[in-house]
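This is coords_25.tsv (TSV, C-alpha atoms).
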chain	number	residue	atom	x	y	z
N	620	MET	CA	3.13	15.96	5.34
N	621	ALA	CA	4.46	19.30	6.61
N	622	PHE	CA	3.06	18.71	10.10
N	623	ALA	CA	4.51	15.19	10.08
N	624	GLU	CA	7.94	16.59	9.28
N	625	ILE	CA	7.63	19.16	12.08
N	626	ARG	CA	6.77	16.40	14.58
N	627	GLN	CA	9.68	14.37	13.27
N	628	GLY	CA	12.03	17.32	13.76
N	629	TRP	CA	10.85	17.82	17.34
N	630	ASP	CA	11.49	14.14	18.08
N	631	GLU	CA	14.96	14.52	16.58
N	632	VAL	CA	15.71	17.44	18.93
N	633	ASN	CA	14.60	15.35	21.90
N	634	SER	CA	16.79	12.48	20.67
N	635	ILE	CA	19.84	14.75	20.55
N	636	HIS	CA	19.22	15.59	24.21
N	637	ASN	CA	18.85	11.89	25.06
N	638	ARG	CA	15.10	12.21	25.66
N	639	GLU	CA	13.65	9.26	23.76
N	640	ILE	CA	10.01	10.35	24.01
N	641	GLY	CA	9.06	10.35	20.34
N	642	GLU	CA	7.05	7.77	18.44
N	643	ILE	CA	6.93	5.67	15.31
N	644	VAL	CA	3.75	4.80	13.44
N	645	VAL	CA	3.94	1.43	11.70
N	646	GLY	CA	1.64	0.06	9.02
N	647	SER	CA	1.41	-3.69	9.56
N	648	MET	CA	0.52	-6.35	7.01
N	649	PRO	CA	-0.48	-9.93	7.97
N	650	LEU	CA	2.82	-11.79	8.11
N	651	ALA	CA	4.54	-9.03	10.09
N	652	ARG	CA	1.93	-9.32	12.87
N	653	THR	CA	2.75	-12.92	13.74
N	654	SER	CA	6.45	-12.80	14.58
N	655	LEU	CA	8.59	-10.08	13.00
N	656	LEU	CA	6.83	-7.03	14.40
N	657	PRO	CA	6.04	-8.33	17.94
N	658	LYS	CA	9.69	-9.26	18.57
N	659	ALA	CA	10.94	-5.85	17.42
N	660	ILE	CA	8.34	-3.99	19.52
N	661	ILE	CA	9.19	-5.95	22.66
N	662	GLU	CA	12.91	-5.31	22.27
N	663	LEU	CA	12.52	-1.60	21.46
N	664	SER	CA	10.22	-1.13	24.47
N	665	ARG	CA	12.87	-2.76	26.64
N	666	GLN	CA	15.56	-0.40	25.36
N	667	PHE	CA	13.41	2.76	25.21
N	668	PRO	CA	10.42	2.32	27.54
N	669	ASP	CA	9.11	5.88	27.01
N	670	PHE	CA	9.11	5.69	23.23
N	671	ARG	CA	5.64	5.30	21.73
N	672	ILE	CA	4.81	2.74	19.06
N	673	LYS	CA	1.56	2.91	17.12
N	674	VAL	CA	0.55	0.04	14.84
N	675	ASN	CA	-2.08	0.44	12.13
N	676	ASP	CA	-3.35	-2.42	9.99
N	677	GLY	CA	-5.59	-2.48	6.96
N	678	PRO	CA	-5.57	-3.02	3.19
N	679	TYR	CA	-2.26	-2.33	1.51
N	680	ASP	CA	-3.59	0.53	-0.62
N	681	ASP	CA	-4.88	2.35	2.47
N	682	LEU	CA	-1.61	1.86	4.34
N	683	LEU	CA	0.41	3.08	1.36
N	684	TYR	CA	-1.78	6.19	1.05
N	685	HIS	CA	-1.21	7.11	4.70
N	686	LEU	CA	2.50	6.37	4.39
N	687	ARG	CA	2.89	8.73	1.44
N	688	HIS	CA	0.92	11.46	3.25
N	689	GLY	CA	2.96	11.29	6.44
N	690	ASP	CA	0.42	9.59	8.72
N	691	ILE	CA	2.52	6.40	8.81
N	692	ASP	CA	6.31	6.23	9.02
N	693	LEU	CA	6.99	2.67	7.96
N	694	LEU	CA	5.20	-0.31	6.38
N	695	VAL	CA	6.19	-3.85	7.34
N	696	GLY	CA	5.04	-6.79	5.24
N	697	ALA	CA	4.86	-8.11	1.69
N	698	LEU	CA	6.55	-5.93	-0.92
N	699	ARG	CA	5.03	-5.03	-4.28
N	700	PHE	CA	6.75	-5.31	-7.63
N	701	PRO	CA	7.09	-3.12	-9.50
N	702	SER	CA	7.41	-0.50	-6.78
N	703	PRO	CA	4.06	1.22	-6.17
N	704	SER	CA	5.48	4.75	-6.40
N	705	ASP	CA	8.67	6.67	-7.10
N	706	ASP	CA	8.53	8.43	-3.73
N	707	VAL	CA	8.85	5.26	-1.63
N	708	ILE	CA	11.72	2.83	-1.04
N	709	GLN	CA	11.21	-0.91	-0.60
N	710	GLU	CA	13.81	-2.93	1.31
N	711	GLU	CA	13.57	-6.71	1.26
N	712	LEU	CA	14.33	-8.51	4.54
N	713	PHE	CA	13.60	-12.11	3.57
N	714	SER	CA	11.44	-14.30	1.35
N	715	SER	CA	8.53	-16.19	2.85
N	716	PRO	CA	7.37	-19.46	1.23
N	717	VAL	CA	3.67	-19.82	0.50
N	718	ALA	CA	1.89	-23.15	1.02
N	719	ILE	CA	-1.58	-24.67	0.71
N	720	ILE	CA	-3.01	-25.24	4.18
N	721	ALA	CA	-5.97	-27.33	5.41
N	722	ARG	CA	-7.36	-28.66	8.66
N	723	SER	CA	-5.70	-31.59	10.34
N	724	GLY	CA	-7.01	-34.81	8.81
N	725	HIS	CA	-8.15	-33.18	5.58
N	726	PRO	CA	-8.51	-35.77	2.75
N	727	LEU	CA	-5.81	-34.09	0.65
N	728	CYS	CA	-3.33	-34.26	3.53
N	729	ARG	CA	-3.71	-38.05	3.47
N	730	ALA	CA	-3.43	-38.42	-0.32
N	731	LYS	CA	-0.29	-40.02	-1.74
N	732	ALA	CA	-0.16	-37.44	-4.53
N	733	VAL	CA	-2.09	-34.21	-5.03
N	734	ASP	CA	-2.59	-32.57	-8.43
N	735	ILE	CA	-4.14	-29.28	-9.51
N	736	HIS	CA	-7.44	-30.95	-10.48
N	737	MET	CA	-7.84	-32.29	-6.94
N	738	LEU	CA	-7.25	-28.80	-5.54
N	739	ALA	CA	-9.95	-27.39	-7.83
N	740	GLU	CA	-12.57	-29.73	-6.35
N	741	TYR	CA	-12.50	-28.04	-2.92
N	742	PRO	CA	-13.80	-24.66	-1.77
N	743	TRP	CA	-11.19	-22.06	-0.82
N	744	VAL	CA	-10.69	-19.08	1.46
N	745	VAL	CA	-8.28	-16.63	-0.17
N	746	PRO	CA	-6.87	-13.10	0.22
N	747	ARG	CA	-8.45	-10.17	-1.59
N	748	ARG	CA	-7.64	-9.43	-5.22
N	749	GLY	CA	-4.43	-7.52	-5.87
N	750	THR	CA	-2.41	-9.14	-3.10
N	751	PRO	CA	0.73	-11.14	-3.97
N	752	THR	CA	-0.67	-14.34	-2.45
N	753	ARG	CA	-3.93	-14.04	-4.44
N	754	SER	CA	-1.85	-13.72	-7.61
N	755	ILE	CA	0.06	-16.91	-6.74
N	756	PHE	CA	-3.25	-18.71	-6.13
N	757	GLU	CA	-4.77	-17.65	-9.45
N	758	SER	CA	-1.63	-18.35	-11.47
N	759	ALA	CA	-1.49	-21.93	-10.12
N	760	PHE	CA	-4.63	-22.64	-12.17
N	761	THR	CA	-4.33	-20.27	-15.12
N	762	GLU	CA	-0.77	-21.36	-15.97
N	763	VAL	CA	-2.04	-24.88	-16.70
N	764	GLY	CA	-5.04	-23.63	-18.68
N	765	MET	CA	-7.64	-24.11	-15.94
N	766	ASP	CA	-10.31	-21.75	-14.68
N	767	VAL	CA	-9.75	-20.30	-11.22
N	768	PRO	CA	-12.07	-22.01	-8.69
N	769	SER	CA	-15.28	-20.05	-8.10
N	770	ARG	CA	-16.24	-21.34	-4.66
N	771	LEU	CA	-14.22	-18.67	-2.86
N	772	VAL	CA	-14.47	-16.75	0.37
N	773	GLU	CA	-12.30	-13.61	0.34
N	774	CYS	CA	-10.92	-12.83	3.77
N	775	SER	CA	-7.98	-10.95	5.28
N	776	SER	CA	-8.62	-11.96	8.91
N	777	GLN	CA	-6.29	-14.74	9.99
N	778	ILE	CA	-8.61	-15.65	12.88
N	779	LEU	CA	-11.55	-16.12	10.53
N	780	VAL	CA	-9.43	-18.04	8.01
N	781	ARG	CA	-8.34	-20.45	10.75
N	782	SER	CA	-11.94	-21.01	11.89
N	783	LEU	CA	-13.15	-21.62	8.33
N	784	LEU	CA	-10.40	-24.18	7.75
N	785	MET	CA	-10.83	-26.05	11.02
N	786	ASP	CA	-14.60	-26.40	10.67
N	787	SER	CA	-14.73	-27.43	7.00
N	788	ASP	CA	-12.78	-28.94	4.11
N	789	ARG	CA	-11.84	-25.53	2.74
N	790	LEU	CA	-8.29	-24.86	1.62
N	791	THR	CA	-6.25	-21.68	1.83
N	792	ILE	CA	-3.00	-20.38	0.45
N	793	ILE	CA	-0.88	-18.54	2.99
N	794	SER	CA	2.66	-18.11	4.23
N	795	ALA	CA	3.55	-21.02	6.50
N	796	HIS	CA	5.09	-18.47	8.91
N	797	GLN	CA	1.65	-16.98	9.53
N	798	VAL	CA	0.19	-20.27	10.76
N	799	GLN	CA	3.31	-21.77	12.30
N	800	HIS	CA	1.67	-21.93	15.73
N	801	GLU	CA	-1.36	-23.83	14.40
N	802	LEU	CA	0.88	-26.16	12.41
N	803	SER	CA	3.05	-26.92	15.45
N	804	LEU	CA	-0.07	-27.74	17.51
N	805	GLY	CA	-1.38	-30.07	14.80
N	806	LEU	CA	-4.51	-27.98	14.22
N	807	LEU	CA	-3.63	-27.33	10.58
N	808	GLU	CA	-1.54	-29.22	8.03
N	809	THR	CA	0.30	-28.46	4.82
N	810	VAL	CA	-1.19	-30.02	1.69
N	811	PRO	CA	1.58	-31.85	-0.20
N	812	TYR	CA	1.50	-29.79	-3.37
N	813	LYS	CA	4.44	-27.70	-4.58
N	814	LEU	CA	3.45	-24.27	-5.85
N	815	ALA	CA	5.40	-22.46	-8.54
N	816	HIS	CA	6.49	-18.87	-7.78
N	817	SER	CA	5.74	-19.59	-4.12
N	818	SER	CA	7.98	-17.10	-2.31
N	819	ARG	CA	6.86	-13.63	-1.29
N	820	PRO	CA	9.43	-10.90	-0.55
N	821	ILE	CA	8.84	-9.46	2.92
N	822	GLY	CA	10.36	-6.17	3.99
N	823	LEU	CA	10.13	-2.48	4.80
N	824	THR	CA	8.54	0.33	2.80
N	825	PHE	CA	9.17	3.97	3.69
N	826	ARG	CA	9.11	7.43	2.10
N	827	ARG	CA	12.20	8.30	0.10
N	828	SER	CA	12.37	11.65	1.91
N	829	TRP	CA	11.96	10.18	5.42
N	830	LYS	CA	14.82	10.81	7.85
N	831	PRO	CA	14.29	8.53	10.87
N	832	THR	CA	15.32	9.66	14.34
N	833	LYS	CA	17.92	7.67	16.22
N	834	THR	CA	15.29	5.59	17.99
N	835	GLN	CA	13.25	5.02	14.82
N	836	TYR	CA	16.42	3.85	13.13
N	837	SER	CA	17.04	1.46	16.05
N	838	PHE	CA	13.58	0.01	15.46
N	839	MET	CA	14.35	-0.53	11.78
N	840	GLN	CA	17.57	-2.29	12.73
N	841	LEU	CA	15.65	-4.63	15.03
N	842	LEU	CA	13.38	-5.51	12.11
N	843	ARG	CA	16.37	-6.03	9.84
N	844	ASN	CA	18.02	-8.33	12.34
N	845	GLY	CA	14.83	-10.34	12.69
Kindly return the structure encoded in the file as structure tokens.
Amino acid sequence: MAFAEIRQGWDEVNSIHNREIGEIVVGSMPLARTSLLPKAIIELSRQFPDFRIKVNDGPYDDLLYHLRHGDIDLLVGALRFPSPSDDVIQEELFSSPVAIIARSGHPLCRAKAVDIHMLAEYPWVVPRRGTPTRSIFESAFTEVGMDVPSRLVECSSQILVRSLLMDSDRLTIISAHQVQHELSLGLLETVPYKLAHSSRPIGLTFRRSWKPTKTQYSFMQLLRNG
């Protein structure tokens, strides 16, 4: 942490002298990778072409650990409630609706009405335990007194999830923003079933003691403005 603060101070000195040659290290979670983060990176690179941006992805717990120890400056993605630690600040940017997604032409996408028992008949590909979306998936069944389906593949790779859906009758639960491209191309479809508690807060997480440089703050503003 001490070395991270020293590097941050050096970048701040350069910023004062209008030398934007510092960097920001971002921890990226799935939804941020599809639209929010790429747009902000492209715009910041246009404004400050010599400023370095490093993006790390991985499980939330790993990203949070590196954030709290100074290896990462900022996390972008789904927020956790309650807050994971007193030494970090969470800032919500927007809420992202979660939907049940299947391949184009899936039997449930053609059904006039879909109920929870029909959903339980199909195999699923779902996020790992402890994630907000996994909790929404499990509560959809437990809140009506049903067992959670057991035919599950746990996966955090969006590429693999897409392949599993398109080549089988598996279902997944995911933010529609993450698969907007596939939905617009007609490769995937939304299953007509309304989930309770289906919005995930998406935002920024950073150390309470972190003092961003001018350029780092500009990057945060780009994320805030979407």
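Near Val780 in chain N, within 10 Å and counting all atoms listed in the file, sit N:Trp743, N:Val744, N:Val745, N:Pro746, N:Val772, N:Glu773, N:Cys774, N:Ser775, N:Ser776, N:Gln777, N:Leu783, N:Leu784, N:Met785, N:Arg789, N:Leu790, N:Thr791, N:Ile793, not including residues fewer than 3 positions from it in the same chain.
Computed from the coordinates, the CA of Phe713 in chain N to CA of Arg753 in chain N distance equals 19.4 Å.
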Would you compute, for all listed atoms of range 678-681 of chain N, the axis-aligned bounding box grown by 5 Å on each side, and then report its centre and edge lengths in Å rounded to one decimal, as AutoDock Vina command-line options?
--center_x -3.9 --center_y -0.3 --center_z 1.3 --size_x 13.3 --size_y 15.4 --size_z 13.8
Can you tell me, as a VMD selection string, what residues are no more than 12 Å from Ile691 in chain N when counting only C-alpha atoms, ignoring any on the same chain fewer than 5 positions away? chain N and resid 620 623 to 624 627 642 to 647 672 to 676 681 to 686 824 to 826 829
Rank nothing, just name the residue among N:Leu656, N:Ser704, N:Phe670, N:Ala651 nearest to Thr832 in chain N, using only C-alpha atoms. N:Phe670
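Of the listed residues N:Gln835, N:Ser828, N:Gln840, N:Ser758, the one whose atoms come nearest to Arg687 in chain N is N:Ser828, with distances taken using only C-alpha atoms.
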Between CA of Arg770 in chain N and CA of Ala732 in chain N - distance in Å to one decimal: 22.8 Å
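CA of Thr752 in chain N is positioned 13.6 Å from CA of Pro678 in chain N.
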Within 12 Å of range 810-816 of chain N, counting all atoms listed in the file, which residues qualify if same-chain residues fewer than 4 places away don't, as a ChimeraX atom specification? /N:714-738,751-763,788-795,802,820
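For range 797-800 of chain N, the list of residues within 8 Å, based on all atoms listed in the file and with local chain neighbours fewer than 5 positions off taken out, reads N:Pro649, N:Leu650, N:Thr653.
Using all atoms listed in the file, the shortest contact distance between Thr809 in chain N and any of N:Leu655, N:His796, N:Leu663, N:Leu712 is found at N:His796.
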Some atoms are absent from range 784-795 of chain N, so rebuild all heavy atoms and return them as an mmCIF file, in the coordinates of the input.
data_model
loop_
_atom_site.group_PDB
_atom_site.id
_atom_site.type_symbol
_atom_site.label_atom_id
_atom_site.label_comp_id
_atom_site.auth_asym_id
_atom_site.auth_seq_id
_atom_site.Cartn_x
_atom_site.Cartn_y
_atom_site.Cartn_z
ATOM 1 N N LEU N 784 -11.138 -22.971 8.101
ATOM 2 C CA LEU N 784 -10.400 -24.180 7.750
ATOM 3 C C LEU N 784 -10.709 -25.316 8.722
ATOM 4 O O LEU N 784 -10.957 -26.451 8.318
ATOM 5 C CB LEU N 784 -8.892 -23.909 7.769
ATOM 6 C CG LEU N 784 -8.330 -22.955 6.715
ATOM 7 C CD1 LEU N 784 -6.812 -22.902 6.834
ATOM 8 C CD2 LEU N 784 -8.735 -23.365 5.314
ATOM 9 N N MET N 785 -10.693 -25.008 10.012
ATOM 10 C CA MET N 785 -10.830 -26.050 11.020
ATOM 11 C C MET N 785 -12.227 -26.657 11.053
ATOM 12 O O MET N 785 -12.401 -27.796 11.482
ATOM 13 C CB MET N 785 -10.438 -25.494 12.388
ATOM 14 C CG MET N 785 -8.955 -25.169 12.494
ATOM 15 S SD MET N 785 -8.500 -24.476 14.104
ATOM 16 C CE MET N 785 -8.931 -25.817 15.191
ATOM 17 N N ASP N 786 -13.220 -25.908 10.598
ATOM 18 C CA ASP N 786 -14.600 -26.400 10.670
ATOM 19 C C ASP N 786 -15.143 -26.861 9.314
ATOM 20 O O ASP N 786 -16.355 -27.061 9.164
ATOM 21 C CB ASP N 786 -15.513 -25.301 11.231
ATOM 22 C CG ASP N 786 -15.191 -24.988 12.683
ATOM 23 O OD1 ASP N 786 -14.662 -25.875 13.375
ATOM 24 O OD2 ASP N 786 -15.451 -23.854 13.118
ATOM 25 N N SER N 787 -14.271 -27.014 8.326
ATOM 26 C CA SER N 787 -14.730 -27.430 7.000
ATOM 27 C C SER N 787 -13.573 -28.045 6.232
ATOM 28 O O SER N 787 -12.466 -28.189 6.764
ATOM 29 C CB SER N 787 -15.287 -26.228 6.222
ATOM 30 O OG SER N 787 -14.230 -25.373 5.807
ATOM 31 N N ASP N 788 -13.834 -28.408 4.977
ATOM 32 C CA ASP N 788 -12.780 -28.940 4.110
ATOM 33 C C ASP N 788 -12.200 -27.861 3.198
ATOM 34 O O ASP N 788 -11.550 -28.162 2.197
ATOM 35 C CB ASP N 788 -13.328 -30.090 3.249
ATOM 36 C CG ASP N 788 -13.433 -31.387 4.041
ATOM 37 O OD1 ASP N 788 -12.790 -31.489 5.107
ATOM 38 O OD2 ASP N 788 -14.169 -32.293 3.604
ATOM 39 N N ARG N 789 -12.410 -26.605 3.543
ATOM 40 C CA ARG N 789 -11.840 -25.530 2.740
ATOM 41 C C ARG N 789 -10.309 -25.564 2.778
ATOM 42 O O ARG N 789 -9.706 -26.046 3.739
ATOM 43 C CB ARG N 789 -12.307 -24.159 3.243
ATOM 44 C CG ARG N 789 -13.739 -23.843 2.865
ATOM 45 C CD ARG N 789 -14.091 -22.391 3.174
ATOM 46 N NE ARG N 789 -15.477 -22.131 2.799
ATOM 47 C CZ ARG N 789 -15.857 -21.746 1.598
ATOM 48 N NH1 ARG N 789 -14.945 -21.563 0.651
ATOM 49 N NH2 ARG N 789 -17.130 -21.544 1.329
ATOM 50 N N LEU N 790 -9.735 -25.017 1.726
ATOM 51 C CA LEU N 790 -8.290 -24.860 1.620
ATOM 52 C C LEU N 790 -7.958 -23.377 1.616
ATOM 53 O O LEU N 790 -8.790 -22.540 1.289
ATOM 54 C CB LEU N 790 -7.769 -25.491 0.325
ATOM 55 C CG LEU N 790 -8.120 -26.951 0.060
ATOM 56 C CD1 LEU N 790 -7.672 -27.332 -1.357
ATOM 57 C CD2 LEU N 790 -7.453 -27.863 1.093
ATOM 58 N N THR N 791 -6.723 -23.054 1.988
ATOM 59 C CA THR N 791 -6.250 -21.680 1.830
ATOM 60 C C THR N 791 -4.820 -21.698 1.341
ATOM 61 O O THR N 791 -4.130 -22.732 1.404
ATOM 62 C CB THR N 791 -6.360 -20.887 3.148
ATOM 63 O OG1 THR N 791 -6.224 -19.486 2.857
ATOM 64 C CG2 THR N 791 -5.257 -21.274 4.131
ATOM 65 N N ILE N 792 -4.381 -20.565 0.853
ATOM 66 C CA ILE N 792 -3.000 -20.380 0.450
ATOM 67 C C ILE N 792 -2.457 -19.229 1.295
ATOM 68 O O ILE N 792 -3.039 -18.141 1.325
ATOM 69 C CB ILE N 792 -2.887 -20.095 -1.066
ATOM 70 C CG1 ILE N 792 -1.429 -19.883 -1.468
ATOM 71 C CG2 ILE N 792 -3.762 -18.940 -1.491
ATOM 72 C CD1 ILE N 792 -1.222 -19.832 -2.977
ATOM 73 N N ILE N 793 -1.357 -19.495 1.998
ATOM 74 C CA ILE N 793 -0.880 -18.540 2.990
ATOM 75 C C ILE N 793 0.592 -18.839 3.283
ATOM 76 O O ILE N 793 1.074 -19.959 3.034
ATOM 77 C CB ILE N 793 -1.726 -18.653 4.291
ATOM 78 C CG1 ILE N 793 -1.495 -17.482 5.228
ATOM 79 C CG2 ILE N 793 -1.465 -19.975 5.003
ATOM 80 C CD1 ILE N 793 -2.466 -17.460 6.419
ATOM 81 N N SER N 794 1.298 -17.862 3.794
ATOM 82 C CA SER N 794 2.660 -18.110 4.230
ATOM 83 C C SER N 794 2.650 -19.056 5.432
ATOM 84 O O SER N 794 1.881 -18.856 6.380
ATOM 85 C CB SER N 794 3.344 -16.802 4.625
ATOM 86 O OG SER N 794 4.540 -17.051 5.331
ATOM 87 N N ALA N 795 3.487 -20.074 5.382
ATOM 88 C CA ALA N 795 3.550 -21.020 6.500
ATOM 89 C C ALA N 795 3.950 -20.328 7.794
ATOM 90 O O ALA N 795 3.575 -20.771 8.887
ATOM 91 C CB ALA N 795 4.535 -22.141 6.171
#
